[in-house]
Amino acid sequence: MREDTITRSIEEIDITKPAPTQEPMRQYYYIRKCREIVQEESKKLGRPLTARTVTFGCQMNARDSEKIVGILEEIGYQIVEDEKADFIIYNTCTVRENANLKVYGRLGALKKEKKKNPHMKLALCGCMMQEDVVVEKIQKSYSFVDLIFGTHNIFKFAELLYTRMQGDRMVIDIWKDTNEIVEDLPSERKFSFKAGVNVMFGCNNFCTYCIVPYVRGRERSRNPKDILQEIEKLVSDGVVEIMLLGQNVNSYGKDFEQPFSFAQLLEEVEKVEGLKRIRFMTSHPKDLSDELIQVMKQSKKICKHLHLPVQAGSSRLLRIMNRRYTKEQYLDLVAKIKKEIPDISLTTDIMVGFPGETEEDFMETMDVVRKVRYDAAYTFIYSKRTGTPAATMPDQVPEEVVKDRFQRLLAEIQSISAELTKEDEGTVQEVLVEEVNGQDAGLVTGRLSNNLLVHFKGDDSLIGELVNVKLVECKGFYYMGEIVAEA
Ligand code: 5AD
Ligand code: SF4
């Protein structure tokens, strides 16, 4: 359904009748109900009510926040960027402990704010809220929070907010899992020219260090028709680049009765007229098919970039991590991809300090890094997540050892990626202009197909345009360039 159609459907809802039982009509009903309350309050205050969403974590959360903002806007909140807002929503992450600590830190600071400003509302949602211990702690130590919901029922946000507006107690609604995918809810996009599109939710892999399968539930693929319709609508609104999102996009469609692969989905997306670039993440190496490599190779729109998390180089550790590939299988896969698509840019996620990691295991990770030569890598220090199998494994690695390995890994990755970046110096490439440069307003920043950034002379009229840029000077992980007429 188109955005203006959604707005119209919301306006047509009769809120004197009981709430519809069908979604998304039920939520449209609650949006209208909330809207009345917000309008009244804003009349009393003589100004619009404001809302601010703070997003932690991955692209999935970023996309979820766009849905939350879409609902807030339909309710009538004015979206602002500072935390002096009337309604604050934290969309949380729990993949590493640090992410949780950040949220508790912010909540501590907000306690004072809320005392000064009792009408202010605070909601918490996202992955962290799927953990019982977190919700218990919030109930006990942060009782001023108004609303808590999880990853499976974001679509119910308006209904839950209305319940909170009607009562005077904290509202908590967390679902353990769901099969439900509610389409056609309002959603706001952060960028006019690029957008993230969910293709599937959840993860079935249960890597032993990872909390995601516990907080995001089992894999559920969206119907290809719904995905294509969403993309067509985005393109008609001016979007030229889309990022297909899923925790493990390579198992897309495996939950359908009639199997439909991710590669097939990509072929359909390729046909959308007006769409210029396609990206996707994340790919699990164990599921990356030959069919997908061929589709990427033949595609004119899929960016020459593959994010292929390796996590570790030691086959022994990979087995304990339940990654279901060995070092050799991973390296063979990389060799196959590079042979078929020689100009592909490869990026990865790597973890150091998994329980029992020895210096020999770590050297295997370094060996993979040197053999693959990643264009970029996200490096993480293992973080113990209660409830995962790894949390109770023996031989947790001492902090000093982990830090030392982390520094060595980082140095290696940085030196390789700087060398690779340098290789393209002097070439002309197509870039999508994303923004005016934050430091120098005479420059704009564009993204290459391989995901690297280039800064060059230009103004905001170029935003959202695909232009050819000569990569004049490599600056390590980005380029300074100049716009040229022809590729
Ligand atoms: N500790 C550290 N890093 C983790 N990741 C997932 N779980 C953990 C953990 N417990 C990393 C993995 C994954 C990325 C999104 O986060 O590398 O690919
Ligand atoms: Fe976590 Fe593994 Fe699933 Fe990725 S594939 S989300 S690391 S369990």
# chains A, B, ... in the order shown; residues from 1 in each chain; ligands from 1
$ residues_around --residues "region 83-96 of chain A" --least-positions-apart "5" --cutoff "8 Å" --atoms "only C-alpha atoms" --output "count of residues only"
31
$ residues_around --residues "Thr421 (chain A)" --least-positions-apart "2" --cutoff "9 Å" --atoms "only C-alpha atoms" --output "count of residues only"
15
$ residues_around --residues "region 268-282 of chain A" --least-positions-apart "5" --cutoff "6 Å" --atoms "only C-alpha atoms" --output "PyMOL selection string"
chain A and resi 240-245+247-249+301-303
$ closest_atom_pairs --of "chain A" --to "ligand 2" --cutoff "12 Å" --atoms "only C-alpha atoms and all ligand atoms" --output "Markdown table"
| residue | atom | partner | partner_atom_place_in_ligand_line | distance |
| --- | --- | --- | --- | --- |
| A:Cys58 | CA | ligand 2 | 6 (S) | 10.7 |
| A:Met60 | CA | ligand 2 | 6 (S) | 11.0 |
| A:Thr94 | CA | ligand 2 | 1 (Fe) | 11.3 |
| A:Val95 | CA | ligand 2 | 1 (Fe) | 8.4 |
| A:Arg96 | CA | ligand 2 | 1 (Fe) | 11.2 |
| A:Cys127 | CA | ligand 2 | 6 (S) | 11.8 |
| A:Phe201 | CA | ligand 2 | 6 (S) | 10.3 |
| A:Gly202 | CA | ligand 2 | 6 (S) | 7.8 |
| A:Cys203 | CA | ligand 2 | 3 (Fe) | 4.8 |
| A:Asn204 | CA | ligand 2 | 3 (Fe) | 6.4 |
| A:Asn205 | CA | ligand 2 | 8 (S) | 4.7 |
| A:Phe206 | CA | ligand 2 | 8 (S) | 4.2 |
| A:Cys207 | CA | ligand 2 | 8 (S) | 4.2 |
| A:Thr208 | CA | ligand 2 | 8 (S) | 7.2 |
| A:Tyr209 | CA | ligand 2 | 7 (S) | 7.6 |
| A:Cys210 | CA | ligand 2 | 1 (Fe) | 4.6 |
| A:Ile211 | CA | ligand 2 | 1 (Fe) | 6.4 |
| A:Val212 | CA | ligand 2 | 6 (S) | 5.0 |
| A:Pro213 | CA | ligand 2 | 8 (S) | 5.6 |
| A:Tyr214 | CA | ligand 2 | 8 (S) | 8.7 |
| A:Val215 | CA | ligand 2 | 6 (S) | 9.9 |
| A:Arg216 | CA | ligand 2 | 6 (S) | 8.7 |
| A:Gly217 | CA | ligand 2 | 3 (Fe) | 10.0 |
| A:Arg218 | CA | ligand 2 | 3 (Fe) | 9.9 |
| A:Glu219 | CA | ligand 2 | 3 (Fe) | 9.7 |
| A:Gly246 | CA | ligand 2 | 6 (S) | 9.0 |
| A:Gln247 | CA | ligand 2 | 6 (S) | 5.3 |
| A:Asn248 | CA | ligand 2 | 5 (S) | 6.0 |
| A:Val249 | CA | ligand 2 | 5 (S) | 9.8 |
| A:Asn250 | CA | ligand 2 | 5 (S) | 10.3 |
| A:Ser251 | CA | ligand 2 | 5 (S) | 10.3 |
| A:Met281 | CA | ligand 2 | 4 (Fe) | 10.6 |
| A:Thr282 | CA | ligand 2 | 4 (Fe) | 7.8 |
| A:Ser283 | CA | ligand 2 | 5 (S) | 8.4 |
| A:His284 | CA | ligand 2 | 5 (S) | 6.2 |
| A:Pro285 | CA | ligand 2 | 5 (S) | 9.3 |
| A:Lys286 | CA | ligand 2 | 5 (S) | 9.6 |
| A:Asp287 | CA | ligand 2 | 5 (S) | 10.2 |
| A:His307 | CA | ligand 2 | 4 (Fe) | 11.8 |
| A:Leu308 | CA | ligand 2 | 4 (Fe) | 10.5 |
| A:Pro309 | CA | ligand 2 | 7 (S) | 8.2 |
| A:Val310 | CA | ligand 2 | 7 (S) | 9.7 |
| A:Gln311 | CA | ligand 2 | 7 (S) | 8.3 |
| A:Ala312 | CA | ligand 2 | 7 (S) | 11.6 |
| A:Leu318 | CA | ligand 2 | 2 (Fe) | 11.1 |
| A:Met321 | CA | ligand 2 | 2 (Fe) | 8.6 |
| A:Asn322 | CA | ligand 2 | 2 (Fe) | 8.2 |
| A:Arg323 | CA | ligand 2 | 2 (Fe) | 7.0 |
| A:Arg324 | CA | ligand 2 | 2 (Fe) | 10.1 |
| A:Thr348 | CA | ligand 2 | 7 (S) | 11.7 |
| A:Asp349 | CA | ligand 2 | 7 (S) | 9.2 |
| A:Ile350 | CA | ligand 2 | 7 (S) | 10.4 |
| A:Met351 | CA | ligand 2 | 7 (S) | 10.3 |
| A:Phe380 | CA | ligand 2 | 7 (S) | 11.8 |
| A:Tyr382 | CA | ligand 2 | 7 (S) | 11.7 |
| A:Arg385 | CA | ligand 2 | 1 (Fe) | 11.5 |
| A:Thr388 | CA | ligand 2 | 8 (S) | 9.9 |
| A:Pro389 | CA | ligand 2 | 8 (S) | 11.4 |
| A:Ala390 | CA | ligand 2 | 8 (S) | 11.9 |
$ closest_residue --among "A:Pro259, A:Gly353, A:Pro18, A:Pro118" --to "ligand 1" --atoms "only C-alpha atoms and all ligand atoms"
A:Gly353
$ closest_atom_pairs --of "region 38-113 of chain A" --to "region 159-166 of chain A" --cutoff "12 Å" --atoms "only C-alpha atoms" --output "CSV"
residue,atom,partner,partner_atom,distance
A:Val38,CA,A:Met165,CA,9.7
A:Glu41,CA,A:Met165,CA,11.3
A:Ile68,CA,A:Leu161,CA,11.4
A:Ile71,CA,A:Glu159,CA,10.6
A:Leu72,CA,A:Leu161,CA,10.1
A:Ile75,CA,A:Leu161,CA,10.3
A:Phe87,CA,A:Leu161,CA,10.7
A:Ile89,CA,A:Leu161,CA,11.3
$ closest_atom_pairs --of "region 30-80 of chain A" --to "region 187-191 of chain A" --cutoff "7 Å" --atoms "only C-alpha atoms" --output "Markdown table"
| residue | atom | partner | partner_atom | distance |
| --- | --- | --- | --- | --- |
| A:Glu66 | CA | A:Glu188 | CA | 5.0 |
| A:Lys67 | CA | A:Ser187 | CA | 4.2 |
| A:Val69 | CA | A:Glu188 | CA | 5.9 |
| A:Gly70 | CA | A:Ser187 | CA | 3.8 |
| A:Ile71 | CA | A:Ser187 | CA | 6.6 |
$ select_by_dssp --residues "region 345-425 of chain A" --states "strand (DSSP E)" --output "list in words"
Ser345, Leu346, Thr347, Thr348, Asp349, Ile350, Met351, Val352, Ala376, Ala377, Tyr378, Thr379, Phe380 and Ile381 of chain A
$ residues_around --residues "Tyr252 (chain A)" --least-positions-apart "3" --cutoff "8 Å" --atoms "only C-alpha atoms" --output "ChimeraX atom specification"
/A:199-200,221,248-249,255,260-262
$ residues_around --residues "Gly458 (chain A)" --least-positions-apart "3" --cutoff "7 Å" --atoms "only C-alpha atoms" --output "PyMOL selection string"
chain A and resi 442-444+462
$ write_last_selection --atoms "all heavy atoms" --output "short mmCIF file (atom, residue, chain, number, x, y, z; two decimals), in the first residue's frame"
data_model
loop_
_atom_site.label_atom_id
_atom_site.label_comp_id
_atom_site.auth_asym_id
_atom_site.auth_seq_id
_atom_site.Cartn_x
_atom_site.Cartn_y
_atom_site.Cartn_z
N GLY A 442 31.89 22.94 0.76
CA GLY A 442 32.13 23.00 -0.68
C GLY A 442 32.27 21.61 -1.29
O GLY A 442 32.38 21.46 -2.51
N LEU A 443 32.27 20.59 -0.43
CA LEU A 443 32.45 19.21 -0.92
C LEU A 443 31.19 18.39 -0.70
O LEU A 443 30.42 18.66 0.22
CB LEU A 443 33.60 18.53 -0.16
CG LEU A 443 35.00 19.11 -0.26
CD1 LEU A 443 35.96 18.32 0.63
CD2 LEU A 443 35.50 19.11 -1.70
N VAL A 444 31.03 17.37 -1.54
CA VAL A 444 29.99 16.36 -1.27
C VAL A 444 30.67 15.01 -1.11
O VAL A 444 31.82 14.82 -1.50
CB VAL A 444 28.94 16.27 -2.40
CG1 VAL A 444 28.06 17.50 -2.43
CG2 VAL A 444 29.59 16.02 -3.75
N LEU A 462 23.42 17.77 -6.06
CA LEU A 462 23.89 16.46 -6.54
C LEU A 462 23.39 15.29 -5.67
O LEU A 462 23.51 14.13 -6.07
CB LEU A 462 25.43 16.43 -6.55
CG LEU A 462 26.14 17.27 -7.62
CD1 LEU A 462 27.64 17.27 -7.36
CD2 LEU A 462 25.85 16.70 -9.00
#
$ select_by_dssp --residues "region 155-245 of chain A" --states "helix (DSSP H, G or I)" --output "NGL selection string"
:A and (155-166 or 212-216 or 224-236)
$ closest_residue --among "A:Leu448, A:Leu234, A:Ile381, A:Ala485" --to "ligand 1" --atoms "only C-alpha atoms and all ligand atoms"
A:Ile381
$ closest_residue --among "A:Gln22, A:Thr379, A:Asn223, A:Ser299" --to "ligand 1" --atoms "only C-alpha atoms and all ligand atoms"
A:Thr379
$ closest_residue --among "A:Glu232, A:Glu482, A:Glu23, A:Glu97" --to "ligand 1" --atoms "only C-alpha atoms and all ligand atoms"
A:Glu97
$ closest_residue --among "A:Phe256, A:Tyr28, A:Phe406, A:Phe157" --to "ligand 1" --atoms "only C-alpha atoms and all ligand atoms"
A:Phe406
$ closest_residue --among "A:Gly446, A:Glu12, A:Tyr378, A:Val133" --to "ligand 1" --atoms "only C-alpha atoms and all ligand atoms"
A:Tyr378
$ atom_distance --atom1 "CA of Thr5 (chain A)" --atom2 "CA of Lys233 (chain A)"
11.9 Å
$ residues_around --residues "Met363 (chain A)" --least-positions-apart "3" --cutoff "12 Å" --atoms "only C-alpha atoms" --output "mmCIF file with C-alpha atoms, in the first residue's frame"
data_model
loop_
_atom_site.group_PDB
_atom_site.id
_atom_site.type_symbol
_atom_site.label_atom_id
_atom_site.label_comp_id
_atom_site.auth_asym_id
_atom_site.auth_seq_id
_atom_site.Cartn_x
_atom_site.Cartn_y
_atom_site.Cartn_z
ATOM 1 C CA ALA A 312 37.593 -16.744 13.156
ATOM 2 C CA GLY A 313 40.225 -18.566 11.144
ATOM 3 C CA SER A 314 40.710 -21.694 13.204
ATOM 4 C CA SER A 315 38.591 -24.642 12.067
ATOM 5 C CA VAL A 352 38.886 -12.218 18.949
ATOM 6 C CA GLU A 357 41.166 -19.165 21.700
ATOM 7 C CA THR A 358 44.895 -19.962 21.730
ATOM 8 C CA GLU A 359 47.708 -18.035 20.080
ATOM 9 C CA GLU A 360 47.700 -20.737 17.362
ATOM 10 C CA MET A 366 45.580 -13.648 10.868
ATOM 11 C CA ASP A 367 46.325 -16.150 8.098
ATOM 12 C CA VAL A 368 42.784 -15.846 6.719
ATOM 13 C CA VAL A 369 43.042 -12.050 6.829
ATOM 14 C CA ARG A 370 46.310 -12.161 4.858
ATOM 15 C CA ARG A 405 45.436 -9.787 19.711
ATOM 16 C CA PHE A 406 42.830 -7.199 18.828
ATOM 17 C CA ARG A 408 47.579 -6.912 16.034
ATOM 18 C CA LEU A 409 44.503 -7.876 14.019
ATOM 19 C CA GLU A 412 46.995 -6.066 9.778
#
